[in-house]
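Down below is the structure, laid out as structure tokens.
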Amino acid sequence: MALAHSLGFPRIGRDRELKKALEAFWKGELDEAGLRAVGRDLRATHWQLQKDAGIELLPVGDFAWYDQVLTHSLTFGVVPERFRPHSGKPGLDTLFAMARGVSGGCCGGAHAQEMTKWFDTNYHYLVPEFTADQQFQLSWEQLFEEVDEAHALGHPVKPVLIGPLTYLWLGKAKGGEFDRLDLLERLLPVYGEILQRLAAQGVEWVQIDEPILVLDLPQEWKSAFERAYNLLQREPLKKLIATYFGGLEDNLGLAASLPLDGLHIDLVRAPEQYPTILDRLPAYKVLSLGLVNGRNVWRCDLDKALDVLRHAHERLGERLWVAPSCSLLHSPVDLGREDKLDGELKDWLAFAVQKCAEVAILGRALNEPEAPEVLAALAHSRTVQADRARSPRIHKPAVQARLAAIEPAHSQRRSPFAERIRQQRAHLDLPLFPTTTIGSFPQTASIRLARQAFKQGKLSAAEYTEAMHSEIRHAVEVQEQLGLDVLVHGEAERNDMVEYFAEQLDGYLFTRFGWVQSYGSRCVKPAVIFGDLSRPKAMTLDWIRYAQGLTNKVMKGMLTGPVTMLMWSFPREDLTREEQARQLALAIRDEVVDLEAAGIRIVQIDEAAFREGLPLRRSQWQGYLDWATEAFRLCASGVADQTQIHTHMCYSEFNDVIESIAAMDADVITIETSRSDMELLEAFKAFAYPNEIGPGVYDIHSPRVPDSAEMAGLLRKAAERIPAERLWVNPDCGLKTRAWPETEAALVNMVAAARQLRAQFA
Ligand code: GLN
Ligand code: ZN
């Protein structure tokens, strides 16, 4: 028997009930009691779903009103001064203020805590803020209340805590530099208190998440693990330490030997660590194997998982547990909800509810191998794997033949940049400091309404096209009046920069309810790559051609790059990410070539997620960077020298990847810099970026309109590091979230700033 447990369940609800309740509460349409009732119902439903699926030890502490790291901060009383209530303990209002900020009020409001990505997922957590004199005290009862709640429902539970080291690692030092590790001694007594209270509630096992054990850790942090857990081992309760999102590698010995009662490892991301773990695990410890992928939507290959499990069972007997690889927070809730997917596709998928059933059946298969349910599940899994392996919906000989025929030359522009830019300058005839934008213009309510009406069949295709044409006409008119040099069509027809293209490619499928929490009440519904990818017909050509027909100025074509398409989709598990990126690259390459043939002289290929793809471990960076740059070049290199390729990236931490960015060999890159006051230019001290570059001169994330002197100042700063003839002038990202008045006001100033610089450098 292997005990089936889960590391965490999605909290948002299969109909996004939590999202809806939160938003109603924030608008004042639902009171706190109403919100709390929704939370309680969701927790009860989720425990029952997991239990019905066969999970034996249910997680508590995976529910959060906004984010589990934020809940943790409240639990330990890590509430920044600006949010601290005048009297008494923090309440839900404190929690939402920390998450969302407060505007106005007596003291001018308080900005929200910073948010950042949870390891390499698309989930965002609220960064704890620590001060040098940080005190910790138990300040939030949620975990204990939820344990009581589960017990009252008769559930066997395993509370989940973020471990002390991971918690400190995720936070930031505020109000002066200091070492966060210095806080550990003050933090641990509160962990002790929590464990004692849980024990008093009758809890047997607690799960302590320490995912930083899969990262490259400095020696002091490794040593701190031993210190911390030597202290915590004294507390009552059995403790399972959970690691996920990667392999333990050099931390394996450390993780195995910590004085705890169990260890969970992710065998989906890092199957290779299994044999070593078996050898290093002390004889008293439970080993939990994460065999069902908690981060993707595919049905598990039960035979494959069972092979490992059987082997482990021989060695470990009762000390073996089975689980999803990580919390199911990162997977959609219930496949049963999908009523529009065809039966075959649906049969290939598994969401959180189904994954729990997979975990449970794996556990049962060990001691009841002949149980009819076990046999049926294994037979079904086998059929699905076999069907998929030979399905013509997945395997496209034409795509594979094309992939096999790729030669190194396909990922090389014909001439080096110096020669290309000479031809491009002649072909484009642009002034010094050319001005442009990143692609999108305001997505107004009328655009969204038109799209909705079209989808519901209330607008005909012709009416919809005319509505979009009228938006394009407006965008082109405005840009001509502003005096911009390189125009865009404005992307009115695009709902989302990935979904728009995914919908037009073969090999993608779309769910109706496959929502995954991104942060707070925000959810995303990523498209799913299920088969070999290809482009049946041109995707953007008609719109761009229409836009170019309206002006004599250069119209930039606008595409999303292969790496970003991949990072923001659920990928296949039967093909490497690298191969999927190459398929996407070929499909987009066809579009680039079509645009060129239609007379488009500049094509921008956005790679907003390029840096996001970096693996957690440094040792794996170069491998990723090599295939990612290669995929970009494959999609960009089908055109003649005189066609100019732009790319765009939305962040400013380039210092550690600048050489790979250069290796992408785009003729022009536009990037974010304005928020960091051209900090990015630091990267150019050590490495001379060889091609043209448009450092964003104003922050589109804020409605503030900077004056032209401010923008000109930033450009002068840039010109100290980058030769003036290689500089472009542009905002730092697309303008779709802004309104027209502030957009026009900012662009007037931007064009004026460019003119000042031209005069100065002429
Ligand atoms: N071209 C896209 C836009 O302007 C780029 C968006 C992005 O980088 N996130 O909206
Ligand atoms: Zn951007």
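Numbering starts fresh at 1 for the residues of each chain in the structure tokens, the chains themselves are lettered A, B, ... in the order given, and ligands are numbered from 1 as they appear.
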
Task: Contact residues around Gly91 (chain A) with only C-alpha atoms at 12 Å, ignoring same-chain residues under 4 positions, as a ChimeraX atom specification - done: /A:32,65,71,74-75,77,79,83-87,95-98,139-142

Each region 322-431 of chain A residue no farther than 12 Å from region 586-598 of chain A, nearest pair in Å, only C-alpha atoms, as CSV:
residue,atom,partner,partner_atom,distance
A:Ala398,CA,A:Leu586,CA,11.9
A:Val399,CA,A:Leu586,CA,9.0
A:Gln400,CA,A:Leu586,CA,11.0
A:Ala401,CA,A:Leu586,CA,11.8
A:Arg402,CA,A:Leu586,CA,8.4
A:Leu403,CA,A:Leu586,CA,8.1
A:Ala404,CA,A:Leu586,CA,11.7
A:Ala405,CA,A:Leu586,CA,11.3
A:Ile406,CA,A:Leu586,CA,9.4
A:His410,CA,A:Leu586,CA,10.0
A:Ser411,CA,A:Arg589,CA,10.4

TODO: Kindly compile the residues surrounding ligand 2 within 7 Å, counting only C-alpha atoms and all ligand atoms, and format them as a ChimeraX atom specification.
DONE: /A:608,648-650,732-734

TODO: Taking the chain letters and numbering used in this document, name the residues of region 434-533 of chain A that DSSP puts in strand (DSSP E), as a PyMOL selection string.
DONE: chain A and resi 486-487+506-509+516-519+522-524+528-533

How would the residues just picked look written out with N, CA and C atoms as a compact mmCIF listing (two decimals), in the first residue's frame?
# COMPACT_ATOMS: atom_id res chain seq x y z
N VAL A 486 7.43 54.88 -37.79
CA VAL A 486 7.03 53.52 -38.15
C VAL A 486 5.70 53.23 -37.46
N LEU A 487 4.68 52.94 -38.28
CA LEU A 487 3.33 52.81 -37.74
C LEU A 487 2.99 51.34 -37.46
N ASP A 506 -3.01 24.83 -36.40
CA ASP A 506 -3.42 23.44 -36.19
C ASP A 506 -2.53 22.84 -35.11
N GLY A 507 -3.12 22.07 -34.20
CA GLY A 507 -2.33 21.42 -33.16
C GLY A 507 -2.60 22.00 -31.78
N TYR A 508 -3.41 23.05 -31.73
CA TYR A 508 -3.81 23.63 -30.45
C TYR A 508 -5.25 23.23 -30.14
N LEU A 509 -5.54 23.02 -28.85
CA LEU A 509 -6.93 22.87 -28.43
C LEU A 509 -7.24 23.87 -27.33
N VAL A 516 -6.67 28.68 -14.54
CA VAL A 516 -5.65 28.50 -13.52
C VAL A 516 -5.39 29.87 -12.90
N GLN A 517 -5.29 29.89 -11.58
CA GLN A 517 -5.07 31.16 -10.90
C GLN A 517 -3.70 31.74 -11.29
N SER A 518 -3.70 33.04 -11.60
CA SER A 518 -2.45 33.70 -11.92
C SER A 518 -2.02 34.56 -10.73
N TYR A 519 -2.94 35.37 -10.21
CA TYR A 519 -2.73 36.03 -8.91
C TYR A 519 -4.09 36.54 -8.44
N ARG A 522 -7.31 36.89 -10.41
CA ARG A 522 -7.00 36.76 -11.83
C ARG A 522 -6.68 35.32 -12.22
N CYS A 523 -7.30 34.87 -13.29
CA CYS A 523 -7.04 33.52 -13.79
C CYS A 523 -6.66 33.60 -15.26
N VAL A 524 -5.92 32.63 -15.71
CA VAL A 524 -5.64 32.52 -17.14
C VAL A 524 -6.12 31.15 -17.62
N VAL A 528 -3.82 24.80 -25.22
CA VAL A 528 -3.14 23.53 -25.02
C VAL A 528 -2.54 23.05 -26.34
N ILE A 529 -1.25 22.82 -26.36
CA ILE A 529 -0.63 22.24 -27.56
C ILE A 529 -0.83 20.73 -27.48
N PHE A 530 -1.56 20.16 -28.40
CA PHE A 530 -1.77 18.71 -28.31
C PHE A 530 -1.13 17.94 -29.45
N GLY A 531 -0.83 18.61 -30.54
CA GLY A 531 -0.29 17.87 -31.68
C GLY A 531 0.76 18.68 -32.42
N ASP A 532 1.29 18.09 -33.49
CA ASP A 532 2.26 18.80 -34.32
C ASP A 532 1.61 20.08 -34.83
N LEU A 533 2.39 21.16 -34.80
CA LEU A 533 1.83 22.48 -35.06
C LEU A 533 2.10 22.95 -36.48

Task: Surrounding residues of region 253-256 of chain A excluding itself and chain neighbours under 3 positions, 12 Å, only C-alpha atoms, as a PyMOL selection string - done: chain A and resi 209-214+217+219+221-227+229+240-243+247-250+259-265+273-274+276-288

- [ ] Can you pull out every residue within 9 Å of Asp347 (chain A), counting only C-alpha atoms, but drop anything in the same chain fewer than 4 positions away, and send it as a list in words?
- [x]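 Contacts, with the query itself left out: Arg299, Asp342, Gly343 and Val384 of chain A.
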
Taking only C-alpha atoms and all ligand atoms and a cut-off of 9 Å, can you tell me which residues surround ligand 1, written as a PDB file with N, CA, C and O atoms, in the first residue's frame?
ATOM      1  N   THR A 437       5.838  52.515 -31.925  1.00  0.00           N
ATOM      2  CA  THR A 437       5.207  51.992 -30.709  1.00  0.00           C
ATOM      3  C   THR A 437       5.347  50.478 -30.722  1.00  0.00           C
ATOM      4  O   THR A 437       5.835  49.899 -31.696  1.00  0.00           O
ATOM      5  N   ILE A 438       4.888  49.823 -29.663  1.00  0.00           N
ATOM      6  CA  ILE A 438       5.179  48.392 -29.505  1.00  0.00           C
ATOM      7  C   ILE A 438       4.123  47.521 -30.186  1.00  0.00           C
ATOM      8  O   ILE A 438       4.311  46.318 -30.351  1.00  0.00           O
ATOM      9  N   GLY A 439       3.014  48.090 -30.581  1.00  0.00           N
ATOM     10  CA  GLY A 439       2.063  47.291 -31.356  1.00  0.00           C
ATOM     11  C   GLY A 439       0.614  47.588 -31.060  1.00  0.00           C
ATOM     12  O   GLY A 439      -0.146  47.961 -31.942  1.00  0.00           O
ATOM     13  N   SER A 440       0.207  47.419 -29.802  1.00  0.00           N
ATOM     14  CA  SER A 440      -1.221  47.580 -29.527  1.00  0.00           C
ATOM     15  C   SER A 440      -1.544  49.038 -29.202  1.00  0.00           C
ATOM     16  O   SER A 440      -0.734  49.753 -28.605  1.00  0.00           O
ATOM     17  N   PHE A 441      -2.747  49.441 -29.585  1.00  0.00           N
ATOM     18  CA  PHE A 441      -3.321  50.707 -29.145  1.00  0.00           C
ATOM     19  C   PHE A 441      -4.483  50.382 -28.216  1.00  0.00           C
ATOM     20  O   PHE A 441      -4.860  49.214 -28.074  1.00  0.00           O
ATOM     21  N   GLY A 490      -2.349  48.440 -34.647  1.00  0.00           N
ATOM     22  CA  GLY A 490      -3.006  48.656 -33.362  1.00  0.00           C
ATOM     23  C   GLY A 490      -3.553  47.412 -32.675  1.00  0.00           C
ATOM     24  O   GLY A 490      -3.974  47.481 -31.531  1.00  0.00           O
ATOM     25  N   GLU A 491      -3.573  46.264 -33.366  1.00  0.00           N
ATOM     26  CA  GLU A 491      -3.957  44.983 -32.754  1.00  0.00           C
ATOM     27  C   GLU A 491      -5.373  44.935 -32.183  1.00  0.00           C
ATOM     28  O   GLU A 491      -5.653  44.160 -31.259  1.00  0.00           O
ATOM     29  N   ASP A 496      -5.677  38.391 -27.223  1.00  0.00           N
ATOM     30  CA  ASP A 496      -4.514  38.069 -26.409  1.00  0.00           C
ATOM     31  C   ASP A 496      -3.386  37.693 -27.366  1.00  0.00           C
ATOM     32  O   ASP A 496      -3.641  37.088 -28.403  1.00  0.00           O
ATOM     33  N   MET A 497      -2.179  38.055 -27.041  1.00  0.00           N
ATOM     34  CA  MET A 497      -1.081  37.901 -28.001  1.00  0.00           C
ATOM     35  C   MET A 497      -0.701  36.447 -28.272  1.00  0.00           C
ATOM     36  O   MET A 497      -0.029  36.166 -29.267  1.00  0.00           O
ATOM     37  N   MET A 558       3.082  42.493 -37.059  1.00  0.00           N
ATOM     38  CA  MET A 558       3.177  42.236 -35.625  1.00  0.00           C
ATOM     39  C   MET A 558       2.840  40.784 -35.319  1.00  0.00           C
ATOM     40  O   MET A 558       1.728  40.335 -35.566  1.00  0.00           O
ATOM     41  N   LEU A 559       3.830  40.033 -34.779  1.00  0.00           N
ATOM     42  CA  LEU A 559       3.614  38.611 -34.499  1.00  0.00           C
ATOM     43  C   LEU A 559       4.096  38.260 -33.101  1.00  0.00           C
ATOM     44  O   LEU A 559       4.882  38.995 -32.512  1.00  0.00           O
ATOM     45  N   THR A 560       3.661  37.135 -32.588  1.00  0.00           N
ATOM     46  CA  THR A 560       4.180  36.624 -31.314  1.00  0.00           C
ATOM     47  C   THR A 560       5.176  35.504 -31.615  1.00  0.00           C
ATOM     48  O   THR A 560       4.923  34.656 -32.470  1.00  0.00           O
ATOM     49  N   GLN A 604       7.756  42.759 -36.602  1.00  0.00           N
ATOM     50  CA  GLN A 604       8.138  42.620 -35.194  1.00  0.00           C
ATOM     51  C   GLN A 604       7.651  41.273 -34.674  1.00  0.00           C
ATOM     52  O   GLN A 604       6.493  40.910 -34.854  1.00  0.00           O
ATOM     53  N   ILE A 605       8.548  40.546 -34.023  1.00  0.00           N
ATOM     54  CA  ILE A 605       8.199  39.246 -33.453  1.00  0.00           C
ATOM     55  C   ILE A 605       8.418  39.346 -31.941  1.00  0.00           C
ATOM     56  O   ILE A 605       9.547  39.376 -31.467  1.00  0.00           O
ATOM     57  N   ASP A 606       7.308  39.442 -31.204  1.00  0.00           N
ATOM     58  CA  ASP A 606       7.395  39.671 -29.755  1.00  0.00           C
ATOM     59  C   ASP A 606       7.852  38.421 -29.023  1.00  0.00           C
ATOM     60  O   ASP A 606       7.329  37.336 -29.247  1.00  0.00           O
ATOM     61  N   GLU A 607       8.785  38.600 -28.113  1.00  0.00           N
ATOM     62  CA  GLU A 607       9.207  37.484 -27.245  1.00  0.00           C
ATOM     63  C   GLU A 607       9.146  37.915 -25.784  1.00  0.00           C
ATOM     64  O   GLU A 607      10.137  37.901 -25.044  1.00  0.00           O
ATOM     65  N   ALA A 608       7.939  38.266 -25.358  1.00  0.00           N
ATOM     66  CA  ALA A 608       7.741  38.772 -24.000  1.00  0.00           C
ATOM     67  C   ALA A 608       8.151  37.751 -22.939  1.00  0.00           C
ATOM     68  O   ALA A 608       8.532  38.112 -21.833  1.00  0.00           O
ATOM     69  N   ALA A 609       8.060  36.471 -23.250  1.00  0.00           N
ATOM     70  CA  ALA A 609       8.301  35.441 -22.224  1.00  0.00           C
ATOM     71  C   ALA A 609       9.679  34.800 -22.341  1.00  0.00           C
ATOM     72  O   ALA A 609       9.947  33.780 -21.718  1.00  0.00           O
ATOM     73  N   HIS A 648      10.515  42.374 -29.293  1.00  0.00           N
ATOM     74  CA  HIS A 648      10.196  43.181 -28.117  1.00  0.00           C
ATOM     75  C   HIS A 648      10.188  42.295 -26.883  1.00  0.00           C
ATOM     76  O   HIS A 648       9.702  41.173 -26.909  1.00  0.00           O
ATOM     77  N   MET A 649      10.724  42.804 -25.808  1.00  0.00           N
ATOM     78  CA  MET A 649      10.725  42.085 -24.525  1.00  0.00           C
ATOM     79  C   MET A 649      10.349  43.066 -23.427  1.00  0.00           C
ATOM     80  O   MET A 649      10.773  44.195 -23.434  1.00  0.00           O
ATOM     81  N   CYS A 650       9.555  42.567 -22.457  1.00  0.00           N
ATOM     82  CA  CYS A 650       8.945  43.472 -21.469  1.00  0.00           C
ATOM     83  C   CYS A 650       9.641  43.504 -20.129  1.00  0.00           C
ATOM     84  O   CYS A 650       8.982  43.427 -19.111  1.00  0.00           O
ATOM     85  N   ILE A 671      12.744  47.367 -25.640  1.00  0.00           N
ATOM     86  CA  ILE A 671      12.731  46.769 -24.313  1.00  0.00           C
ATOM     87  C   ILE A 671      12.253  47.751 -23.268  1.00  0.00           C
ATOM     88  O   ILE A 671      12.208  48.956 -23.484  1.00  0.00           O
ATOM     89  N   ASP A 732       7.617  51.663 -23.487  1.00  0.00           N
ATOM     90  CA  ASP A 732       8.280  50.425 -23.086  1.00  0.00           C
ATOM     91  C   ASP A 732       7.436  49.164 -23.262  1.00  0.00           C
ATOM     92  O   ASP A 732       7.922  48.064 -23.048  1.00  0.00           O
ATOM     93  N   CYS A 733       6.167  49.303 -23.664  1.00  0.00           N
ATOM     94  CA  CYS A 733       5.360  48.110 -23.964  1.00  0.00           C
ATOM     95  C   CYS A 733       4.143  48.550 -24.784  1.00  0.00           C
ATOM     96  O   CYS A 733       4.003  49.733 -25.109  1.00  0.00           O
ATOM     97  N   GLY A 734       3.273  47.595 -25.099  1.00  0.00           N
ATOM     98  CA  GLY A 734       2.066  47.901 -25.866  1.00  0.00           C
ATOM     99  C   GLY A 734       1.112  48.783 -25.072  1.00  0.00           C
ATOM    100  O   GLY A 734       1.151  48.816 -23.848  1.00  0.00           O
ATOM    101  N   LEU A 735       0.227  49.472 -25.801  1.00  0.00           N
ATOM    102  CA  LEU A 735      -0.623  50.489 -25.168  1.00  0.00           C
ATOM    103  C   LEU A 735      -2.050  50.015 -24.945  1.00  0.00           C
ATOM    104  O   LEU A 735      -2.948  50.814 -24.688  1.00  0.00           O
ATOM    105  N   LYS A 736      -2.287  48.713 -25.032  1.00  0.00           N
ATOM    106  CA  LYS A 736      -3.677  48.242 -25.025  1.00  0.00           C
ATOM    107  C   LYS A 736      -4.413  48.523 -23.721  1.00  0.00           C
ATOM    108  O   LYS A 736      -5.626  48.645 -23.711  1.00  0.00           O
ATOM    109  N   THR A 737      -3.685  48.637 -22.606  1.00  0.00           N
ATOM    110  CA  THR A 737      -4.371  48.868 -21.327  1.00  0.00           C
ATOM    111  C   THR A 737      -4.595  50.352 -21.035  1.00  0.00           C
ATOM    112  O   THR A 737      -5.199  50.706 -20.029  1.00  0.00           O
TER     113      THR A 737
END

- [ ] To one decimal in Å, tell me the separation between CA of Val147 (chain A) and CA of Leu328 (chain A).
- [x]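 These two atoms are separated by 19.4 Å.
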
Task: Shell of 10 Å around Leu362 (chain A), only C-alpha atoms, local chain residues under 6 positions omitted, as JSON, numbers by chain - done: {"A": [1, 2, 3, 4, 291, 292, 302, 303, 305, 306, 309, 310, 322, 323, 356, 369, 374, 377, 378]}

Dump of N, CA and C atoms for the selected residues, as a PDB file, in the first residue's frame:
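Full text of part-v2.pdb as output:
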ATOM      1  N   MET A   1       0.846  -1.205   0.000  1.00  0.00           N
ATOM      2  CA  MET A   1       0.000   0.000   0.000  1.00  0.00           C
ATOM      3  C   MET A   1       0.880   1.252   0.000  1.00  0.00           C
ATOM      4  N   ALA A   2       0.557   2.190  -0.838  1.00  0.00           N
ATOM      5  CA  ALA A   2       1.227   3.490  -0.757  1.00  0.00           C
ATOM      6  C   ALA A   2       0.155   4.527  -0.457  1.00  0.00           C
ATOM      7  N   LEU A   3       0.345   5.286   0.594  1.00  0.00           N
ATOM      8  CA  LEU A   3      -0.660   6.259   0.987  1.00  0.00           C
ATOM      9  C   LEU A   3      -0.786   7.351  -0.084  1.00  0.00           C
ATOM     10  N   ALA A   4      -2.026   7.612  -0.507  1.00  0.00           N
ATOM     11  CA  ALA A   4      -2.265   8.620  -1.544  1.00  0.00           C
ATOM     12  C   ALA A   4      -2.555   9.960  -0.876  1.00  0.00           C
ATOM     13  N   LEU A 291       4.379  11.619  -8.834  1.00  0.00           N
ATOM     14  CA  LEU A 291       4.412  10.914 -10.123  1.00  0.00           C
ATOM     15  C   LEU A 291       3.371  11.424 -11.109  1.00  0.00           C
ATOM     16  N   VAL A 292       2.397  12.174 -10.620  1.00  0.00           N
ATOM     17  CA  VAL A 292       1.351  12.706 -11.501  1.00  0.00           C
ATOM     18  C   VAL A 292       1.630  14.199 -11.673  1.00  0.00           C
ATOM     19  N   LEU A 302      -0.138   5.606 -16.485  1.00  0.00           N
ATOM     20  CA  LEU A 302      -0.145   4.881 -15.208  1.00  0.00           C
ATOM     21  C   LEU A 302       0.869   3.738 -15.167  1.00  0.00           C
ATOM     22  N   ASP A 303       1.046   3.063 -16.297  1.00  0.00           N
ATOM     23  CA  ASP A 303       2.010   1.958 -16.309  1.00  0.00           C
ATOM     24  C   ASP A 303       3.409   2.441 -15.950  1.00  0.00           C
ATOM     25  N   ALA A 305       4.270   5.161 -14.345  1.00  0.00           N
ATOM     26  CA  ALA A 305       4.349   5.584 -12.947  1.00  0.00           C
ATOM     27  C   ALA A 305       4.385   4.373 -12.015  1.00  0.00           C
ATOM     28  N   LEU A 306       3.607   3.370 -12.388  1.00  0.00           N
ATOM     29  CA  LEU A 306       3.498   2.190 -11.530  1.00  0.00           C
ATOM     30  C   LEU A 306       4.803   1.391 -11.482  1.00  0.00           C
ATOM     31  N   LEU A 309       6.786   3.011  -8.886  1.00  0.00           N
ATOM     32  CA  LEU A 309       6.144   2.813  -7.590  1.00  0.00           C
ATOM     33  C   LEU A 309       6.361   1.386  -7.070  1.00  0.00           C
ATOM     34  N   ARG A 310       6.230   0.427  -7.956  1.00  0.00           N
ATOM     35  CA  ARG A 310       6.426  -0.976  -7.541  1.00  0.00           C
ATOM     36  C   ARG A 310       7.851  -1.189  -7.062  1.00  0.00           C
ATOM     37  N   VAL A 322       2.363   8.297  -2.311  1.00  0.00           N
ATOM     38  CA  VAL A 322       2.283   8.734  -3.718  1.00  0.00           C
ATOM     39  C   VAL A 322       1.447  10.013  -3.790  1.00  0.00           C
ATOM     40  N   ALA A 323       1.815  10.893  -4.733  1.00  0.00           N
ATOM     41  CA  ALA A 323       1.200  12.230  -4.780  1.00  0.00           C
ATOM     42  C   ALA A 323       1.373  12.835  -6.172  1.00  0.00           C
ATOM     43  N   CYS A 356      -6.211  13.636  -8.912  1.00  0.00           N
ATOM     44  CA  CYS A 356      -6.355  13.010  -7.589  1.00  0.00           C
ATOM     45  C   CYS A 356      -6.745  11.534  -7.760  1.00  0.00           C
ATOM     46  N   PRO A 369      -3.741  -5.213  -6.723  1.00  0.00           N
ATOM     47  CA  PRO A 369      -3.449  -5.162  -8.163  1.00  0.00           C
ATOM     48  C   PRO A 369      -4.554  -5.778  -9.012  1.00  0.00           C
ATOM     49  N   VAL A 374      -8.857  -1.036 -10.501  1.00  0.00           N
ATOM     50  CA  VAL A 374      -7.445  -0.860 -10.828  1.00  0.00           C
ATOM     51  C   VAL A 374      -7.177  -1.376 -12.243  1.00  0.00           C
ATOM     52  N   ALA A 377      -8.671   0.938 -14.815  1.00  0.00           N
ATOM     53  CA  ALA A 377      -7.941   2.206 -14.970  1.00  0.00           C
ATOM     54  C   ALA A 377      -6.646   1.988 -15.741  1.00  0.00           C
ATOM     55  N   LEU A 378      -5.962   0.903 -15.420  1.00  0.00           N
ATOM     56  CA  LEU A 378      -4.703   0.636 -16.119  1.00  0.00           C
ATOM     57  C   LEU A 378      -4.959   0.334 -17.592  1.00  0.00           C
TER      58      LEU A 378
END

Task: region 468-524 of chain A: residues DSSP assigns to helix (DSSP H, G or I), reported as a ChimeraX atom specification - done: /A:468-482,499-502

Can those selected residues be exported to a file as a CSV table (one decimal), in the first residue's frame so that it contains N, CA and C atoms?
chain,number,residue,atom,x,y,z
A,468,MET,N,-13.4,46.5,-37.2
A,468,MET,CA,-11.9,46.5,-37.0
A,468,MET,C,-11.2,47.4,-37.9
A,469,HIS,N,-11.7,47.5,-39.2
A,469,HIS,CA,-11.1,48.4,-40.1
A,469,HIS,C,-11.2,49.8,-39.7
A,470,SER,N,-12.3,50.1,-39.1
A,470,SER,CA,-12.5,51.5,-38.6
A,470,SER,C,-11.5,51.8,-37.5
A,471,GLU,N,-11.3,50.8,-36.6
A,471,GLU,CA,-10.3,51.0,-35.6
A,471,GLU,C,-8.9,51.2,-36.2
A,472,ILE,N,-8.6,50.4,-37.2
A,472,ILE,CA,-7.3,50.6,-37.8
A,472,ILE,C,-7.1,52.0,-38.4
A,473,ARG,N,-8.2,52.4,-39.1
A,473,ARG,CA,-8.1,53.7,-39.8
A,473,ARG,C,-7.9,54.8,-38.7
A,474,HIS,N,-8.6,54.6,-37.6
A,474,HIS,CA,-8.4,55.6,-36.5
A,474,HIS,C,-6.9,55.6,-36.0
A,475,ALA,N,-6.4,54.4,-35.8
A,475,ALA,CA,-5.0,54.3,-35.3
A,475,ALA,C,-4.0,54.9,-36.2
A,476,VAL,N,-4.2,54.6,-37.5
A,476,VAL,CA,-3.3,55.1,-38.5
A,476,VAL,C,-3.3,56.6,-38.6
A,477,GLU,N,-4.6,57.2,-38.6
A,477,GLU,CA,-4.7,58.6,-38.6
A,477,GLU,C,-4.0,59.3,-37.5
A,478,VAL,N,-4.3,58.8,-36.3
A,478,VAL,CA,-3.6,59.3,-35.1
A,478,VAL,C,-2.1,59.3,-35.2
A,479,GLN,N,-1.6,58.2,-35.7
A,479,GLN,CA,-0.1,58.1,-35.8
A,479,GLN,C,0.4,59.0,-36.8
A,480,GLU,N,-0.3,59.2,-37.9
A,480,GLU,CA,0.2,60.1,-38.9
A,480,GLU,C,0.2,61.6,-38.3
A,481,GLN,N,-0.9,61.9,-37.6
A,481,GLN,CA,-0.9,63.2,-37.0
A,481,GLN,C,0.2,63.5,-36.0
A,482,LEU,N,0.5,62.4,-35.3
A,482,LEU,CA,1.5,62.5,-34.2
A,482,LEU,C,2.9,62.7,-34.9
A,499,GLU,N,-3.2,33.6,-27.6
A,499,GLU,CA,-4.5,33.0,-28.0
A,499,GLU,C,-4.8,33.3,-29.4
A,500,TYR,N,-4.6,34.6,-29.8
A,500,TYR,CA,-5.0,35.0,-31.2
A,500,TYR,C,-4.3,34.1,-32.2
A,501,PHE,N,-3.0,33.8,-32.0
A,501,PHE,CA,-2.3,33.0,-33.0
A,501,PHE,C,-2.6,31.5,-32.8
A,502,ALA,N,-2.7,31.1,-31.5
A,502,ALA,CA,-3.0,29.7,-31.2
A,502,ALA,C,-4.3,29.2,-31.9

TODO: One decimal, Å: what's the distance from CA of Asn495 (chain A) over to CA of Ile447 (chain A), could you say?
DONE: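 CA of Ile447 (chain A) lies at a distance of 9.7 Å from CA of Asn495 (chain A).
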
Task: Shell around Asp339 (chain A) at 12 Å using only C-alpha atoms, local window under 2 positions removed, as a PyMOL selection string - done: chain A and resi 334-337+341-343+345-346+510-514
